[in-house]
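Since the structure comes first, as structure tokens, the remarks are kept for the end.
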Amino acid sequence: MSNTIPVFLIGLSLLFGSTCEGSRILVVPVDGSHWINMEVILRELHSRGHDITVLHSPKSWYISTNSSFYTSITRRMMEDEVDRNFYNKILFDFMNCRKSTQFLRTFCQSRRVGTMLERGHAVLADAAAEMLDDRAFIKSLQDAKFDLMLTDPALTIGVLLGSYLKLPMVYNVRWTNTGEAHFTIAPSPLSYVPMSGSELHDQMDFLERTKNMLHYLQSFVLKRFYIDPLYSDLLQRHYPPGSDLLSLERSADLWLVRSDFVFEFPRPTMPNVVYIGGFQCKEAKPLPADLEAFMQSSGEHGVVVMSLGTLVSALSRDVTEAIAAAFAQLPQKVVWKFLGEKPSSLGNNTLLVKWLPQNDLLGHPKTRAFIAHGGTNGMYEAIYHGVPVVGIPLFFDQFDNVLRLEVRGAARVVEAGTLTEEGFLEALKDVLETPSYRQNIQQLSELHRDVPTSPMDTTIFWIEYVIRHKGAVHLQSQAFSLPWYSYFCLDVALLFMVLIGAFVWTSVTFCRILFCRKSGGKRRAEYAGTFSELCGEKLKNLSSLKHQNYSK
């Protein structure tokens, strides 16, 4: 009996275990905060026996060339042309846009993003052309016989390489080259699906729907007339006739979308879209001893955690002084991830750190609120651990992200450009002292966690699913192969209009003919009666005349 049990377990593992262990996966990530969650997936894939190769820039900010769980290939990419200070410049541009009216400022921000995208795609198209023109480089990738391309399509190099190498392709995605992923892959009615950057929700009045349509047109013009032409020469030289960037993006087998409808507004989706929002979240680990001592010293008041992400290293001096002065008036203690000159108004209750274990701090029982810029990773960690948020959005999707939590009663939003000590303190005290904020975020946390399998297990299953079946073509919609007039059934509508027109014309013509026949018969009868009367009168007169002549 003792020998039977291990054999039985081995049989089960062979029956239900993965059949793609040891697969070779080529990864083209995006640097910055995008890499943070991509790295989580790669570590899990490596632990399951997969061989990972990461293609990245030699000047990457976060992606190391020496790793224990992946092999590096370095080529020129966008990071070679853009440094981190570039994002600080965008921050100040966005703050200037925020000074406009509420209706106009989102268009100003979208224009700033469009300028950045145009510059970035020019670099990406040039870098991709350099790779595809390098026959030795391409041959080395072909000879490696990769089983899968895993990429983040926020940058296009992975999409272009994966399509050229004809590899099964999986996206770890929230953004594509011009906007949010759903707008690329799924039907998105503008009547209730807000455009990225519009700062709208899913219950729009007439003016808001007008604004949403204008944002769509602005995005369409950017993509059609500014971004697509940058790739036209590359596509003509290396891809089949008629290829365009959108069709290459839509050719991916599977979209692992970093979203959860606990956070996102409900909207249409597609069979090859799998939702993995919050997959990077995990239970909190013990803190370093000094940080744990600081947390415990807060007593019953607890701790406020503040972090503004990975790319922005500085706010204006006035803003940081106002924030520090507001913190000094709190009974809570504060852990603040801060780079720059120490504020003069900093209180004794505030600890400045250059790095903090954000997930572990948010999962600590002493944490009472999270002050964040609204990045996707941070928002899902706040939801996962049930910590209410004070949002200070700075750029990109952050305004939309904090709006989603504010609509659900789990956050307050403060404008960075107009932030004052009094206004920031009022918002922070409101979130700390009003129970509904914590109750609402904890309800979202309960909904987010109540799933049959964890987002990470779902992620790994679907990646291995595509490897096992060498793609997932059966999940791809044929809608994208249709011409636009067929997609919207305009040809069918035209047929119906022609048939209805023909029916109306035939009916009118028939009625006219019938009316004319009836009218003609009636007139002939009237003419005949009149003729008979005239003839009868004349015959009568003639008879009378003959009678008179006879008498004579």
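Just so we're on the same page: first chain in the structure tokens is A, next is B, and so on; residues restart at 1 for each chain, and ligands are numbered from 1 in the order they show up.
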Point to revise | Long-range neighbours of A:Gly242 as a PyMOL selection string, 12 Å cut-off, only C-alpha atoms, 6 positions minimum in chain | key: chain A and resi 232+235-236+248+481
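Residues within 10 Å of A:Gly386, counting only C-alpha atoms and excluding same-chain residues fewer than 3 positions away, are Leu362, Gly363, Thr367, Arg368, Ala369, Tyr380, Glu381, Ala382, Ile383, Val389, Ala410, Tyr437, Arg438, Gln439, Asn440, Ile441, Gln442, Gln443, Leu444, Ser445 and Glu446 of chain A.
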**Study point:** Shell of 10 Å around A:Leu160, only C-alpha atoms, local chain residues under 6 positions omitted, as a VMD selection string
**Key:** chain A and resid 125 128 to 129 132 153 166 234 to 235 238 to 239 245 248 to 249
Practice item. Enumerate the residues of stretch 66-137 of chain A with a DSSP assignment of helix (DSSP H, G or I), computed from the backbone, and present them as number ranges by chain. Key: A: 78-80, 85-97, 102-133, 135-137
Requested write-out: C-alpha atoms of the selected residues, as an mmCIF file, in the first residue's frame:
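out-v3.cif, freshly written:
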data_model
loop_
_atom_site.group_PDB
_atom_site.id
_atom_site.type_symbol
_atom_site.label_atom_id
_atom_site.label_comp_id
_atom_site.auth_asym_id
_atom_site.auth_seq_id
_atom_site.Cartn_x
_atom_site.Cartn_y
_atom_site.Cartn_z
ATOM 1 C CA MET A 78 12.863 54.231 -26.293
ATOM 2 C CA GLU A 79 14.669 54.417 -22.942
ATOM 3 C CA ASP A 80 17.836 55.308 -24.869
ATOM 4 C CA ASN A 85 13.447 63.946 -16.134
ATOM 5 C CA PHE A 86 11.244 63.830 -19.221
ATOM 6 C CA TYR A 87 8.335 62.711 -17.015
ATOM 7 C CA ASN A 88 8.921 65.547 -14.578
ATOM 8 C CA LYS A 89 8.575 67.949 -17.519
ATOM 9 C CA ILE A 90 5.295 66.295 -18.488
ATOM 10 C CA LEU A 91 4.126 66.696 -14.898
ATOM 11 C CA PHE A 92 4.538 70.464 -15.027
ATOM 12 C CA ASP A 93 2.813 70.576 -18.431
ATOM 13 C CA PHE A 94 -0.128 68.694 -16.953
ATOM 14 C CA MET A 95 -0.299 71.069 -13.998
ATOM 15 C CA ASN A 96 -0.564 73.970 -16.438
ATOM 16 C CA CYS A 97 -3.389 72.160 -18.241
ATOM 17 C CA GLN A 102 -12.954 71.470 -16.276
ATOM 18 C CA PHE A 103 -14.276 70.851 -19.803
ATOM 19 C CA LEU A 104 -11.112 71.967 -21.635
ATOM 20 C CA ARG A 105 -8.317 70.708 -19.400
ATOM 21 C CA THR A 106 -8.687 67.050 -20.432
ATOM 22 C CA PHE A 107 -8.250 68.038 -24.097
ATOM 23 C CA CYS A 108 -5.115 70.002 -23.158
ATOM 24 C CA GLN A 109 -3.757 66.931 -21.354
ATOM 25 C CA SER A 110 -4.602 64.653 -24.272
ATOM 26 C CA ARG A 111 -2.732 67.001 -26.602
ATOM 27 C CA ARG A 112 0.338 66.819 -24.326
ATOM 28 C CA VAL A 113 0.102 63.019 -24.296
ATOM 29 C CA GLY A 114 -0.305 63.018 -28.075
ATOM 30 C CA THR A 115 2.879 65.030 -28.505
ATOM 31 C CA MET A 116 4.718 62.604 -26.232
ATOM 32 C CA LEU A 117 3.319 59.581 -28.096
ATOM 33 C CA GLU A 118 4.292 60.993 -31.472
ATOM 34 C CA ARG A 119 7.852 61.513 -30.281
ATOM 35 C CA GLY A 120 7.978 58.068 -28.645
ATOM 36 C CA HIS A 121 6.611 56.220 -31.664
ATOM 37 C CA ALA A 122 9.125 57.892 -33.948
ATOM 38 C CA VAL A 123 11.864 56.400 -31.758
ATOM 39 C CA LEU A 124 10.115 53.012 -31.560
ATOM 40 C CA ALA A 125 9.563 52.780 -35.330
ATOM 41 C CA ASP A 126 13.222 53.585 -35.928
ATOM 42 C CA ALA A 127 14.376 51.040 -33.315
ATOM 43 C CA ALA A 128 12.066 48.331 -34.714
ATOM 44 C CA ALA A 129 13.309 48.977 -38.269
ATOM 45 C CA GLU A 130 16.888 48.679 -37.022
ATOM 46 C CA MET A 131 16.102 45.266 -35.508
ATOM 47 C CA LEU A 132 14.210 43.932 -38.533
ATOM 48 C CA ASP A 133 16.911 45.113 -40.919
ATOM 49 C CA ARG A 135 19.373 39.857 -40.489
ATOM 50 C CA ALA A 136 21.823 38.317 -38.031
ATOM 51 C CA PHE A 137 19.715 39.476 -35.081
#
Practice item. Go through stretch 131-176 of chain A and collect every residue that DSSP, computed from the backbone, puts in strand (DSSP E); the answer should be as a ChimeraX atom specification. Key: /A:148-151,169-173
Point to revise | Surrounding residues of A:Asp397 excluding itself and chain neighbours under 4 positions, 7 Å, only C-alpha atoms, as a PyMOL selection string | key: chain A and resi 196-197+401
Can I get the selection written as a PDB file, in the first residue's frame, with N, CA and C atoms?
ATOM      1  N   SER A 196     -10.354  57.115 -22.518  1.00  0.00           N
ATOM      2  CA  SER A 196      -9.217  57.313 -21.622  1.00  0.00           C
ATOM      3  C   SER A 196      -8.832  58.791 -21.605  1.00  0.00           C
ATOM      4  N   GLY A 197      -8.624  59.312 -20.415  1.00  0.00           N
ATOM      5  CA  GLY A 197      -8.221  60.702 -20.278  1.00  0.00           C
ATOM      6  C   GLY A 197      -9.367  61.689 -20.241  1.00  0.00           C
ATOM      7  N   ASN A 401      -8.144  56.814 -12.886  1.00  0.00           N
ATOM      8  CA  ASN A 401      -8.076  55.779 -11.850  1.00  0.00           C
ATOM      9  C   ASN A 401      -8.651  56.252 -10.519  1.00  0.00           C
TER      10      ASN A 401
END
**Study point:** Spatial neighbours of A:Phe327, 10 Å, only C-alpha atoms, chain gap at least 5 places, as a count of residues only
**Key:** 17
Exercise for review: Can you pull out every residue within 7 Å of A:Ala472, counting only C-alpha atoms, but drop anything in the same chain fewer than 6 positions away, and send it as a ChimeraX atom specification?
Suggested key: /A:253-254,466
Near-A:Val335 list (9 Å; only C-alpha atoms; drop same-chain fewer than 6 positions) as a JSON list (two decimals) with N, CA and C atoms, in the first residue's frame:
[["chain", "number", "residue", "atom", "x", "y", "z"],
["A", 294, "PHE", "N", 8.44, 51.75, 14.01],
["A", 294, "PHE", "CA", 7.79, 53.03, 13.73],
["A", 294, "PHE", "C", 6.28, 52.85, 13.63],
["A", 295, "MET", "N", 5.83, 51.78, 12.95],
["A", 295, "MET", "CA", 4.39, 51.52, 12.80],
["A", 295, "MET", "C", 3.75, 51.29, 14.17],
["A", 303, "VAL", "N", -1.19, 54.77, 10.98],
["A", 303, "VAL", "CA", -0.19, 55.35, 10.09],
["A", 303, "VAL", "C", -0.82, 55.69, 8.74],
["A", 304, "VAL", "N", -0.35, 56.78, 8.16],
["A", 304, "VAL", "CA", -0.70, 57.17, 6.78],
["A", 304, "VAL", "C", 0.52, 56.88, 5.90],
["A", 305, "VAL", "N", 0.29, 56.23, 4.76],
["A", 305, "VAL", "CA", 1.37, 55.91, 3.82],
["A", 305, "VAL", "C", 1.22, 56.80, 2.59],
["A", 306, "MET", "N", 2.33, 57.40, 2.14],
["A", 306, "MET", "CA", 2.30, 58.25, 0.95],
["A", 306, "MET", "C", 3.39, 57.84, -0.03],
["A", 307, "SER", "N", 2.99, 57.63, -1.30],
["A", 307, "SER", "CA", 3.94, 57.35, -2.37],
["A", 307, "SER", "C", 3.37, 57.86, -3.68],
["A", 349, "ASN", "N", 6.23, 63.59, 13.39],
["A", 349, "ASN", "CA", 5.45, 62.35, 13.16],
["A", 349, "ASN", "C", 5.67, 61.77, 11.77],
["A", 350, "THR", "N", 6.52, 62.39, 10.94],
["A", 350, "THR", "CA", 6.67, 61.98, 9.54],
["A", 350, "THR", "C", 8.05, 61.40, 9.29],
["A", 351, "LEU", "N", 8.06, 60.21, 8.69],
["A", 351, "LEU", "CA", 9.30, 59.53, 8.33],
["A", 351, "LEU", "C", 9.48, 59.59, 6.82],
["A", 352, "LEU", "N", 10.58, 60.19, 6.37],
["A", 352, "LEU", "CA", 10.89, 60.25, 4.94],
["A", 352, "LEU", "C", 11.78, 59.06, 4.58],
["A", 353, "VAL", "N", 11.42, 58.36, 3.49],
["A", 353, "VAL", "CA", 12.22, 57.23, 3.01],
["A", 353, "VAL", "C", 12.35, 57.34, 1.50],
["A", 356, "LEU", "N", 10.06, 52.31, -0.13],
["A", 356, "LEU", "CA", 9.23, 51.66, 0.89],
["A", 356, "LEU", "C", 8.58, 50.40, 0.33]]
Review point. Hey, which of A:Gly49, A:Pro435, A:Pro393, A:Gly22 ends up closest to A:Leu419? Count only C-alpha atoms.
Key: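 Of A:Gly49, A:Pro435, A:Pro393, A:Gly22, the one nearest A:Leu419, counting only C-alpha atoms, is A:Pro393.
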**Study point:** Two-atom distance - atom CA of A:Pro455, atom CA of A:Leu167 (Å)
**Key:** 24.5 Å
Residues of stretch 168-235 of chain A that approach stretch 270-279 of chain A to 9 Å or less, counting only C-alpha atoms: could you list each one with the shortest pair of atoms and its distance in Å to one decimal, rows by chain and increasing residue number, as JSON lines?
{"residue": "A:Ile185", "atom": "CA", "partner": "A:Met270", "partner_atom": "CA", "distance": 7.3}
{"residue": "A:Ala186", "atom": "CA", "partner": "A:Met270", "partner_atom": "CA", "distance": 5.9}
{"residue": "A:Pro187", "atom": "CA", "partner": "A:Met270", "partner_atom": "CA", "distance": 8.5}
File of the preceding selection, N, CA and C atoms, as a CSV table (one decimal), in the first residue's frame:
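As a result, out.csv now contains:
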chain,number,residue,atom,x,y,z
A,185,ILE,N,-9.6,46.2,-28.8
A,185,ILE,CA,-10.0,44.8,-29.0
A,185,ILE,C,-11.5,44.6,-28.9
A,186,ALA,N,-12.2,45.5,-28.2
A,186,ALA,CA,-13.6,45.2,-27.9
A,186,ALA,C,-14.5,46.3,-28.3
A,187,PRO,N,-15.8,46.1,-28.7
A,187,PRO,CA,-16.7,47.2,-28.9
A,187,PRO,C,-16.8,48.1,-27.7
Point to revise | From A:Ala416, A:Gln476, A:Ile63, A:Leu190, residue lying nearest A:Glu39 [only C-alpha atoms] | key: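 Checking each of A:Ala416, A:Gln476, A:Ile63, A:Leu190 against A:Glu39, counting only C-alpha atoms, the winner is A:Ile63.
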Point to revise | Residue nearest A:Gln218 among A:Ala502, A:Ala284, A:Ala154, A:Met195 (counting only C-alpha atoms) | key: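 Nearest to A:Gln218: A:Met195.
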Review point. Which of these, A:Asn377, A:Ser100, A:Thr176, A:Ser486, has the shortest distance to A:Arg258 once you count only C-alpha atoms?
Key: A:Asn377
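Nearest residue to A:Pro194 among A:His50, A:Arg98, A:Arg250, A:Arg404 is A:Arg404, counting only C-alpha atoms.
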